[in-house]
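Participant: Structure: query-v1.tsv, TSV, C-alpha atoms.
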```tsv
chain	number	residue	atom	x	y	z
A	1	ASP	CA	0.00	0.00	0.00
A	2	GLN	CA	1.71	3.14	-1.22
A	3	GLN	CA	1.13	6.02	1.17
A	4	VAL	CA	2.93	8.61	-0.94
A	5	LYS	CA	2.33	8.61	-4.68
A	6	GLN	CA	3.97	10.49	-7.48
A	7	ASN	CA	1.85	9.47	-10.44
A	8	SER	CA	3.94	11.12	-13.13
A	9	PRO	CA	7.23	9.27	-13.67
A	10	SER	CA	8.53	12.05	-15.88
A	11	LEU	CA	7.98	15.68	-16.83
A	12	SER	CA	9.52	17.73	-19.63
A	13	VAL	CA	9.56	21.52	-19.49
A	14	GLN	CA	11.21	24.29	-21.46
A	15	GLU	CA	13.70	26.58	-19.80
A	16	GLY	CA	12.03	29.62	-18.30
A	17	ARG	CA	8.64	27.96	-17.93
A	18	ILE	CA	7.02	26.68	-14.77
A	19	SER	CA	7.56	23.09	-13.63
A	20	ILE	CA	4.81	21.59	-11.49
A	21	LEU	CA	5.49	18.30	-9.76
A	22	ASN	CA	2.64	16.60	-7.98
A	23	CYS	CA	2.36	14.27	-5.03
A	24	ASP	CA	-0.63	12.58	-3.38
A	25	TYR	CA	-0.76	10.90	0.01
A	26	THR	CA	-3.22	8.69	1.79
A	27	ASN	CA	-2.27	8.95	5.46
A	28	SER	CA	-4.07	11.86	7.10
A	29	MET	CA	-1.69	11.60	10.08
A	30	PHE	CA	1.24	12.92	8.06
A	31	ASP	CA	2.21	16.30	9.49
A	32	TYR	CA	5.37	17.17	7.61
A	33	PHE	CA	6.14	17.03	3.91
A	34	LEU	CA	9.40	17.42	2.05
A	35	TRP	CA	10.79	17.52	-1.45
A	36	TYR	CA	14.19	16.12	-2.32
A	37	LYS	CA	16.18	16.44	-5.52
A	38	LYS	CA	18.52	13.75	-6.76
A	39	TYR	CA	21.17	13.86	-9.44
A	40	PRO	CA	22.65	10.63	-10.86
A	41	ALA	CA	25.43	9.13	-8.73
A	42	GLU	CA	24.57	11.41	-5.81
A	43	GLY	CA	22.35	11.05	-2.78
A	44	PRO	CA	19.11	13.04	-2.53
A	45	THR	CA	19.42	16.59	-1.27
A	46	PHE	CA	16.75	18.39	0.72
A	47	LEU	CA	14.97	21.06	-1.29
A	48	ILE	CA	11.99	22.45	0.60
A	49	SER	CA	9.49	21.37	3.22
A	50	ILE	CA	6.09	22.31	4.58
A	51	SER	CA	4.32	21.65	7.83
A	52	SER	CA	0.70	20.52	7.81
A	53	ILE	CA	-0.31	23.76	9.55
A	54	LYS	CA	0.64	25.73	6.45
A	55	ASP	CA	-0.61	25.64	2.89
A	56	LYS	CA	2.33	27.29	1.16
A	57	ASN	CA	6.05	27.67	1.61
A	58	GLU	CA	8.42	29.54	-0.69
A	59	ASP	CA	12.15	29.44	-1.09
A	60	GLY	CA	13.47	31.37	-4.04
A	61	ARG	CA	12.32	29.73	-7.25
A	62	PHE	CA	10.72	26.85	-5.35
A	63	THR	CA	7.25	26.89	-3.82
A	64	VAL	CA	5.43	24.00	-2.23
A	65	PHE	CA	1.65	24.01	-1.91
A	66	LEU	CA	-0.27	21.74	0.42
A	67	ASN	CA	-3.96	20.93	0.05
A	68	LYS	CA	-4.84	18.87	3.11
A	69	SER	CA	-8.45	18.24	2.15
A	70	ALA	CA	-7.32	16.72	-1.15
A	71	LYS	CA	-4.25	15.10	0.44
A	72	HIS	CA	-2.19	16.64	-2.32
A	73	LEU	CA	0.98	18.66	-2.51
A	74	SER	CA	2.82	20.18	-5.40
A	75	LEU	CA	6.21	21.70	-6.05
A	76	HIS	CA	6.41	24.67	-8.39
A	77	ILE	CA	9.71	25.71	-9.92
A	78	VAL	CA	9.67	29.13	-11.57
A	79	PRO	CA	11.50	29.77	-13.80
A	80	SER	CA	12.81	26.32	-14.63
A	81	GLN	CA	16.48	26.02	-15.50
A	82	PRO	CA	18.43	23.20	-17.19
A	83	GLY	CA	20.26	22.59	-13.92
A	84	ASP	CA	16.92	21.66	-12.36
A	85	SER	CA	16.90	18.47	-14.43
A	86	ALA	CA	16.93	15.70	-11.82
A	87	VAL	CA	14.71	13.19	-10.07
A	88	TYR	CA	12.40	14.81	-7.53
A	89	PHE	CA	11.12	12.83	-4.57
A	90	CYS	CA	8.19	13.78	-2.42
A	91	ALA	CA	8.33	12.51	1.19
A	92	ALA	CA	6.04	12.64	4.19
A	93	LYS	CA	6.22	11.80	7.85
A	94	GLN	CA	4.32	11.86	11.08
A	95	ALA	CA	5.82	12.40	14.51
A	96	GLY	CA	8.09	9.59	15.62
A	97	THR	CA	8.14	7.78	12.31
A	98	ALA	CA	10.51	7.58	9.39
A	99	LEU	CA	10.14	9.37	6.09
A	100	ILE	CA	7.92	7.74	3.49
A	101	PHE	CA	9.03	8.53	-0.03
A	102	GLY	CA	7.24	8.53	-3.35
A	103	LYS	CA	8.77	6.80	-6.35
A	104	GLY	CA	10.06	10.03	-7.85
A	105	THR	CA	9.46	12.16	-10.93
A	106	THR	CA	12.22	12.76	-13.45
A	107	LEU	CA	12.21	16.40	-14.53
A	108	SER	CA	13.91	17.34	-17.80
A	109	VAL	CA	14.35	21.03	-18.54
A	110	SER	CA	15.39	21.79	-22.09
A	111	SER	CA	17.09	24.98	-23.20
B	1	LYS	CA	32.67	19.70	7.29
B	2	ALA	CA	32.84	16.36	5.47
B	3	GLY	CA	29.58	14.91	4.21
B	4	VAL	CA	28.11	11.48	4.72
B	5	THR	CA	30.42	8.83	3.36
B	6	GLN	CA	29.46	5.35	2.28
B	7	THR	CA	31.73	2.45	1.47
B	8	PRO	CA	32.08	0.71	-0.80
B	9	ARG	CA	30.50	2.73	-3.60
B	10	TYR	CA	29.98	-0.30	-5.81
B	11	LEU	CA	29.66	-3.96	-4.99
B	12	ILE	CA	28.95	-7.10	-6.99
B	13	LYS	CA	27.86	-10.24	-5.20
B	14	THR	CA	26.23	-13.52	-6.14
B	15	ARG	CA	23.01	-14.99	-4.85
B	16	GLY	CA	23.31	-16.56	-1.43
B	17	GLN	CA	26.25	-14.44	-0.33
B	18	GLN	CA	26.08	-11.83	2.37
B	19	VAL	CA	27.21	-8.22	2.27
B	20	THR	CA	28.06	-5.47	4.74
B	21	LEU	CA	27.75	-1.80	3.85
B	22	SER	CA	29.22	1.01	5.89
B	23	CYS	CA	28.11	4.57	6.56
B	24	SER	CA	30.01	7.34	8.32
B	25	PRO	CA	27.70	10.23	9.28
B	26	ILE	CA	28.57	13.90	9.32
B	27	SER	CA	30.64	14.74	12.36
B	28	GLY	CA	28.34	15.41	15.30
B	29	HIS	CA	25.36	13.65	13.75
B	30	ARG	CA	24.07	10.83	15.92
B	31	SER	CA	21.09	9.64	13.90
B	32	VAL	CA	21.59	7.40	10.88
B	33	SER	CA	18.90	6.07	8.55
B	34	TRP	CA	19.17	3.57	5.73
B	35	TYR	CA	17.09	3.44	2.55
B	36	GLN	CA	16.89	1.15	-0.44
B	37	GLN	CA	16.31	2.74	-3.83
B	38	THR	CA	15.11	0.65	-6.77
B	39	PRO	CA	13.63	1.83	-10.07
B	40	GLY	CA	10.30	0.22	-9.34
B	41	GLN	CA	9.85	1.16	-5.69
B	42	GLY	CA	11.63	4.47	-5.22
B	43	LEU	CA	13.22	5.04	-1.82
B	44	GLN	CA	12.12	2.63	0.87
B	45	PHE	CA	13.03	3.03	4.50
B	46	LEU	CA	15.07	0.21	6.03
B	47	PHE	CA	15.93	1.34	9.57
B	48	GLU	CA	16.98	4.23	11.73
B	49	TYR	CA	19.55	4.25	14.50
B	50	PHE	CA	20.21	6.77	17.24
B	51	SER	CA	22.73	6.36	20.03
B	52	GLU	CA	23.39	2.76	19.01
B	53	THR	CA	19.69	1.86	19.29
B	54	GLN	CA	17.34	0.99	16.47
B	55	ARG	CA	14.43	3.43	16.68
B	56	ASN	CA	12.44	2.54	13.59
B	57	LYS	CA	12.37	-0.35	11.18
B	58	GLY	CA	10.84	-0.58	7.74
B	59	ASN	CA	9.01	-3.47	6.20
B	60	PHE	CA	11.97	-5.60	5.11
B	61	PRO	CA	12.70	-9.26	5.86
B	62	GLY	CA	15.01	-10.28	8.67
B	63	ARG	CA	17.84	-10.82	6.16
B	64	PHE	CA	18.35	-7.08	6.42
B	65	SER	CA	19.97	-5.97	9.65
B	66	GLY	CA	21.97	-3.07	10.90
B	67	ARG	CA	23.85	-1.65	13.81
B	68	GLN	CA	25.36	1.58	15.00
B	69	PHE	CA	28.61	2.00	16.84
B	70	SER	CA	29.51	4.36	19.66
B	71	ASN	CA	31.13	6.77	17.18
B	72	SER	CA	27.76	6.91	15.30
B	73	ARG	CA	29.11	5.01	12.31
B	74	SER	CA	26.61	2.48	11.04
B	75	GLU	CA	26.67	-0.75	9.11
B	76	MET	CA	23.94	-2.67	7.41
B	77	ASN	CA	24.12	-6.32	6.54
B	78	VAL	CA	22.15	-8.33	4.04
B	79	SER	CA	22.41	-12.09	4.30
B	80	THR	CA	21.47	-14.74	1.75
B	81	LEU	CA	21.38	-12.23	-1.08
B	82	GLU	CA	18.62	-12.44	-3.68
B	83	LEU	CA	18.54	-10.96	-7.18
B	84	GLY	CA	15.89	-8.51	-6.00
B	85	ASP	CA	18.31	-7.02	-3.48
B	86	SER	CA	20.12	-5.28	-6.33
B	87	ALA	CA	19.63	-1.62	-5.54
B	88	LEU	CA	21.21	1.63	-4.46
B	89	TYR	CA	21.52	1.67	-0.68
B	90	LEU	CA	21.47	5.15	0.78
B	91	CYS	CA	22.47	6.28	4.21
B	92	ALA	CA	21.37	9.58	5.72
B	93	SER	CA	22.45	11.31	8.89
B	94	SER	CA	21.03	14.04	11.10
B	95	LEU	CA	21.80	15.53	14.48
B	96	ALA	CA	18.87	13.73	16.05
B	97	PRO	CA	15.85	11.69	14.98
B	98	GLY	CA	12.89	13.55	13.56
B	99	LEU	CA	14.92	16.33	11.92
B	100	ALA	CA	13.82	15.32	8.44
B	101	ASN	CA	14.69	18.65	6.82
B	102	GLU	CA	18.19	18.43	8.24
B	103	GLN	CA	18.87	14.91	7.03
B	104	PHE	CA	21.85	14.63	4.73
B	105	PHE	CA	22.29	11.72	2.35
B	106	GLY	CA	25.44	9.99	1.27
B	107	PRO	CA	26.09	9.05	-2.37
B	108	GLY	CA	24.98	5.49	-1.82
B	109	THR	CA	26.36	2.01	-2.39
B	110	ARG	CA	25.31	0.38	-5.65
B	111	LEU	CA	24.82	-3.33	-4.96
B	112	THR	CA	24.47	-5.73	-7.86
B	113	VAL	CA	23.47	-9.32	-7.14
B	114	LEU	CA	24.19	-11.82	-9.92
```
Kindly return the structure encoded in the file as C-alpha coordinates.
Facilitator:
Amino acid sequence: DQQVKQNSPSLSVQEGRISILNCDYTNSMFDYFLWYKKYPAEGPTFLISISSIKDKNEDGRFTVFLNKSAKHLSLHIVPSQPGDSAVYFCAAKQAGTALIFGKGTTLSVSS
Amino acid sequence: KAGVTQTPRYLIKTRGQQVTLSCSPISGHRSVSWYQQTPGQGLQFLFEYFSETQRNKGNFPGRFSGRQFSNSRSEMNVSTLELGDSALYLCASSLAPGLANEQFFGPGTRLTVL
(Lines of atoms letter the chains of each structure in order from A and count residues from 1; the text may use other names and numbers.)
(Lines give C-alpha, C1' and ligand atoms only; values in the text may rest on other atoms or scores of the structure.)
Protein backbone atom coordinates (compact mmCIF):
# COMPACT_ATOMS: atom_id res chain seq x y z
CA ASP A 1 0.00 0.00 0.00
CA GLN A 2 1.71 3.14 -1.22
CA GLN A 3 1.13 6.02 1.17
CA VAL A 4 2.93 8.61 -0.94
CA LYS A 5 2.33 8.61 -4.68
CA GLN A 6 3.97 10.49 -7.48
CA ASN A 7 1.85 9.47 -10.44
CA SER A 8 3.94 11.12 -13.13
CA PRO A 9 7.23 9.27 -13.67
CA SER A 10 8.53 12.05 -15.88
CA LEU A 11 7.98 15.68 -16.83
CA SER A 12 9.52 17.73 -19.63
CA VAL A 13 9.56 21.52 -19.49
CA GLN A 14 11.21 24.29 -21.46
CA GLU A 15 13.70 26.58 -19.80
CA GLY A 16 12.03 29.62 -18.30
CA ARG A 17 8.64 27.96 -17.93
CA ILE A 18 7.02 26.68 -14.77
CA SER A 19 7.56 23.09 -13.63
CA ILE A 20 4.81 21.59 -11.49
CA LEU A 21 5.49 18.30 -9.76
CA ASN A 22 2.64 16.60 -7.98
CA CYS A 23 2.36 14.27 -5.03
CA ASP A 24 -0.63 12.58 -3.38
CA TYR A 25 -0.76 10.90 0.01
CA THR A 26 -3.22 8.69 1.79
CA ASN A 27 -2.27 8.95 5.46
CA SER A 28 -4.07 11.86 7.10
CA MET A 29 -1.69 11.60 10.08
CA PHE A 30 1.24 12.92 8.06
CA ASP A 31 2.21 16.30 9.49
CA TYR A 32 5.37 17.17 7.61
CA PHE A 33 6.14 17.03 3.91
CA LEU A 34 9.40 17.42 2.05
CA TRP A 35 10.79 17.52 -1.45
CA TYR A 36 14.19 16.12 -2.32
CA LYS A 37 16.18 16.44 -5.52
CA LYS A 38 18.52 13.75 -6.76
CA TYR A 39 21.17 13.86 -9.44
CA PRO A 40 22.65 10.63 -10.86
CA ALA A 41 25.43 9.13 -8.73
CA GLU A 42 24.57 11.41 -5.81
CA GLY A 43 22.35 11.05 -2.78
CA PRO A 44 19.11 13.04 -2.53
CA THR A 45 19.42 16.59 -1.27
CA PHE A 46 16.75 18.39 0.72
CA LEU A 47 14.97 21.06 -1.29
CA ILE A 48 11.99 22.45 0.60
CA SER A 49 9.49 21.37 3.22
CA ILE A 50 6.09 22.31 4.58
CA SER A 51 4.32 21.65 7.83
CA SER A 52 0.70 20.52 7.81
CA ILE A 53 -0.31 23.76 9.55
CA LYS A 54 0.64 25.73 6.45
CA ASP A 55 -0.61 25.64 2.89
CA LYS A 56 2.33 27.29 1.16
CA ASN A 57 6.05 27.67 1.61
CA GLU A 58 8.42 29.54 -0.69
CA ASP A 59 12.15 29.44 -1.09
CA GLY A 60 13.47 31.37 -4.04
CA ARG A 61 12.32 29.73 -7.25
CA PHE A 62 10.72 26.85 -5.35
CA THR A 63 7.25 26.89 -3.82
CA VAL A 64 5.43 24.00 -2.23
CA PHE A 65 1.65 24.01 -1.91
CA LEU A 66 -0.27 21.74 0.42
CA ASN A 67 -3.96 20.93 0.05
CA LYS A 68 -4.84 18.87 3.11
CA SER A 69 -8.45 18.24 2.15
CA ALA A 70 -7.32 16.72 -1.15
CA LYS A 71 -4.25 15.10 0.44
CA HIS A 72 -2.19 16.64 -2.32
CA LEU A 73 0.98 18.66 -2.51
CA SER A 74 2.82 20.18 -5.40
CA LEU A 75 6.21 21.70 -6.05
CA HIS A 76 6.41 24.67 -8.39
CA ILE A 77 9.71 25.71 -9.92
CA VAL A 78 9.67 29.13 -11.57
CA PRO A 79 11.50 29.77 -13.80
CA SER A 80 12.81 26.32 -14.63
CA GLN A 81 16.48 26.02 -15.50
CA PRO A 82 18.43 23.20 -17.19
CA GLY A 83 20.26 22.59 -13.92
CA ASP A 84 16.92 21.66 -12.36
CA SER A 85 16.90 18.47 -14.43
CA ALA A 86 16.93 15.70 -11.82
CA VAL A 87 14.71 13.19 -10.07
CA TYR A 88 12.40 14.81 -7.53
CA PHE A 89 11.12 12.83 -4.57
CA CYS A 90 8.19 13.78 -2.42
CA ALA A 91 8.33 12.51 1.19
CA ALA A 92 6.04 12.64 4.19
CA LYS A 93 6.22 11.80 7.85
CA GLN A 94 4.32 11.86 11.08
CA ALA A 95 5.82 12.40 14.51
CA GLY A 96 8.09 9.59 15.62
CA THR A 97 8.14 7.78 12.31
CA ALA A 98 10.51 7.58 9.39
CA LEU A 99 10.14 9.37 6.09
CA ILE A 100 7.92 7.74 3.49
CA PHE A 101 9.03 8.53 -0.03
CA GLY A 102 7.24 8.53 -3.35
CA LYS A 103 8.77 6.80 -6.35
CA GLY A 104 10.06 10.03 -7.85
CA THR A 105 9.46 12.16 -10.93
CA THR A 106 12.22 12.76 -13.45
CA LEU A 107 12.21 16.40 -14.53
CA SER A 108 13.91 17.34 -17.80
CA VAL A 109 14.35 21.03 -18.54
CA SER A 110 15.39 21.79 -22.09
CA SER A 111 17.09 24.98 -23.20
CA LYS B 1 32.67 19.70 7.29
CA ALA B 2 32.84 16.36 5.47
CA GLY B 3 29.58 14.91 4.21
CA VAL B 4 28.11 11.48 4.72
CA THR B 5 30.42 8.83 3.36
CA GLN B 6 29.46 5.35 2.28
CA THR B 7 31.73 2.45 1.47
CA PRO B 8 32.08 0.71 -0.80
CA ARG B 9 30.50 2.73 -3.60
CA TYR B 10 29.98 -0.30 -5.81
CA LEU B 11 29.66 -3.96 -4.99
CA ILE B 12 28.95 -7.10 -6.99
CA LYS B 13 27.86 -10.24 -5.20
CA THR B 14 26.23 -13.52 -6.14
CA ARG B 15 23.01 -14.99 -4.85
CA GLY B 16 23.31 -16.56 -1.43
CA GLN B 17 26.25 -14.44 -0.33
CA GLN B 18 26.08 -11.83 2.37
CA VAL B 19 27.21 -8.22 2.27
CA THR B 20 28.06 -5.47 4.74
CA LEU B 21 27.75 -1.80 3.85
CA SER B 22 29.22 1.01 5.89
CA CYS B 23 28.11 4.57 6.56
CA SER B 24 30.01 7.34 8.32
CA PRO B 25 27.70 10.23 9.28
CA ILE B 26 28.57 13.90 9.32
CA SER B 27 30.64 14.74 12.36
CA GLY B 28 28.34 15.41 15.30
CA HIS B 29 25.36 13.65 13.75
CA ARG B 30 24.07 10.83 15.92
CA SER B 31 21.09 9.64 13.90
CA VAL B 32 21.59 7.40 10.88
CA SER B 33 18.90 6.07 8.55
CA TRP B 34 19.17 3.57 5.73
CA TYR B 35 17.09 3.44 2.55
CA GLN B 36 16.89 1.15 -0.44
CA GLN B 37 16.31 2.74 -3.83
CA THR B 38 15.11 0.65 -6.77
CA PRO B 39 13.63 1.83 -10.07
CA GLY B 40 10.30 0.22 -9.34
CA GLN B 41 9.85 1.16 -5.69
CA GLY B 42 11.63 4.47 -5.22
CA LEU B 43 13.22 5.04 -1.82
CA GLN B 44 12.12 2.63 0.87
CA PHE B 45 13.03 3.03 4.50
CA LEU B 46 15.07 0.21 6.03
CA PHE B 47 15.93 1.34 9.57
CA GLU B 48 16.98 4.23 11.73
CA TYR B 49 19.55 4.25 14.50
CA PHE B 50 20.21 6.77 17.24
CA SER B 51 22.73 6.36 20.03
CA GLU B 52 23.39 2.76 19.01
CA THR B 53 19.69 1.86 19.29
CA GLN B 54 17.34 0.99 16.47
CA ARG B 55 14.43 3.43 16.68
CA ASN B 56 12.44 2.54 13.59
CA LYS B 57 12.37 -0.35 11.18
CA GLY B 58 10.84 -0.58 7.74
CA ASN B 59 9.01 -3.47 6.20
CA PHE B 60 11.97 -5.60 5.11
CA PRO B 61 12.70 -9.26 5.86
CA GLY B 62 15.01 -10.28 8.67
CA ARG B 63 17.84 -10.82 6.16
CA PHE B 64 18.35 -7.08 6.42
CA SER B 65 19.97 -5.97 9.65
CA GLY B 66 21.97 -3.07 10.90
CA ARG B 67 23.85 -1.65 13.81
CA GLN B 68 25.36 1.58 15.00
CA PHE B 69 28.61 2.00 16.84
CA SER B 70 29.51 4.36 19.66
CA ASN B 71 31.13 6.77 17.18
CA SER B 72 27.76 6.91 15.30
CA ARG B 73 29.11 5.01 12.31
CA SER B 74 26.61 2.48 11.04
CA GLU B 75 26.67 -0.75 9.11
CA MET B 76 23.94 -2.67 7.41
CA ASN B 77 24.12 -6.32 6.54
CA VAL B 78 22.15 -8.33 4.04
CA SER B 79 22.41 -12.09 4.30
CA THR B 80 21.47 -14.74 1.75
CA LEU B 81 21.38 -12.23 -1.08
CA GLU B 82 18.62 -12.44 -3.68
CA LEU B 83 18.54 -10.96 -7.18
CA GLY B 84 15.89 -8.51 -6.00
CA ASP B 85 18.31 -7.02 -3.48
CA SER B 86 20.12 -5.28 -6.33
CA ALA B 87 19.63 -1.62 -5.54
CA LEU B 88 21.21 1.63 -4.46
CA TYR B 89 21.52 1.67 -0.68
CA LEU B 90 21.47 5.15 0.78
CA CYS B 91 22.47 6.28 4.21
CA ALA B 92 21.37 9.58 5.72
CA SER B 93 22.45 11.31 8.89
CA SER B 94 21.03 14.04 11.10
CA LEU B 95 21.80 15.53 14.48
CA ALA B 96 18.87 13.73 16.05
CA PRO B 97 15.85 11.69 14.98
CA GLY B 98 12.89 13.55 13.56
CA LEU B 99 14.92 16.33 11.92
CA ALA B 100 13.82 15.32 8.44
CA ASN B 101 14.69 18.65 6.82
CA GLU B 102 18.19 18.43 8.24
CA GLN B 103 18.87 14.91 7.03
CA PHE B 104 21.85 14.63 4.73
CA PHE B 105 22.29 11.72 2.35
CA GLY B 106 25.44 9.99 1.27
CA PRO B 107 26.09 9.05 -2.37
CA GLY B 108 24.98 5.49 -1.82
CA THR B 109 26.36 2.01 -2.39
CA ARG B 110 25.31 0.38 -5.65
CA LEU B 111 24.82 -3.33 -4.96
CA THR B 112 24.47 -5.73 -7.86
CA VAL B 113 23.47 -9.32 -7.14
CA LEU B 114 24.19 -11.82 -9.92
Participant: Atom CA of B:Gly3 and atom CA of A:Gly43, how far apart in Å?
Facilitator: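 If I compute the distance from atom CA of A:Gly43 to atom CA of B:Gly3, I get 10.8 Å.
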Participant: How far is it from atom CA of A:Leu34 to atom CA of A:Leu21, in Å with one decimal?
Facilitator: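 Rounded to one decimal, the two atoms are 12.5 Å apart.
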Participant: Give me, as number ranges by chain, all polymer residues having an atom no more than 9 Å from A:Cys90, counting all atoms listed in the file and skipping those fewer than 5 positions away in the same chain.
Facilitator: A: 4-6, 22-24, 33-37, 73-75, 100-105
Participant: Which is closest to chain B among A:Ser49, A:Ser110, A:Ser19, A:Ser12, if we use only C-alpha atoms?
Facilitator: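 For chain B, the nearest of the given residues is A:Ser49.
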Participant: Using only C-alpha atoms, pick whichever of A:Leu47, A:Ile18, A:Leu11, A:Val64 has the shortest atom-to-atom distance to chain B.
Facilitator: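 Counting only C-alpha atoms, the residue closest to chain B is A:Leu47.
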Participant: Please compute the atom CA of B:Ala92-atom CA of B:Val32 distance, one decimal, in Å.
Facilitator: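 Separating atom CA of B:Ala92 from atom CA of B:Val32 is a distance of 5.6 Å.
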Participant: Using all atoms listed in the file, collect all residues at a distance of at most 10 Å from (16.0, -5.6, 6.4) as written in the file, then present them as a list of chain:residue names.
Facilitator: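 Here is the list of nearby residues: B:Trp34, B:Tyr35, B:Gln36, B:Phe45, B:Leu46, B:Phe47, B:Lys57, B:Gly58, B:Asn59, B:Phe60, B:Pro61, B:Gly62, B:Arg63, B:Phe64, B:Ser65, B:Gly66, B:Met76, B:Asn77, B:Val78, B:Ser79.
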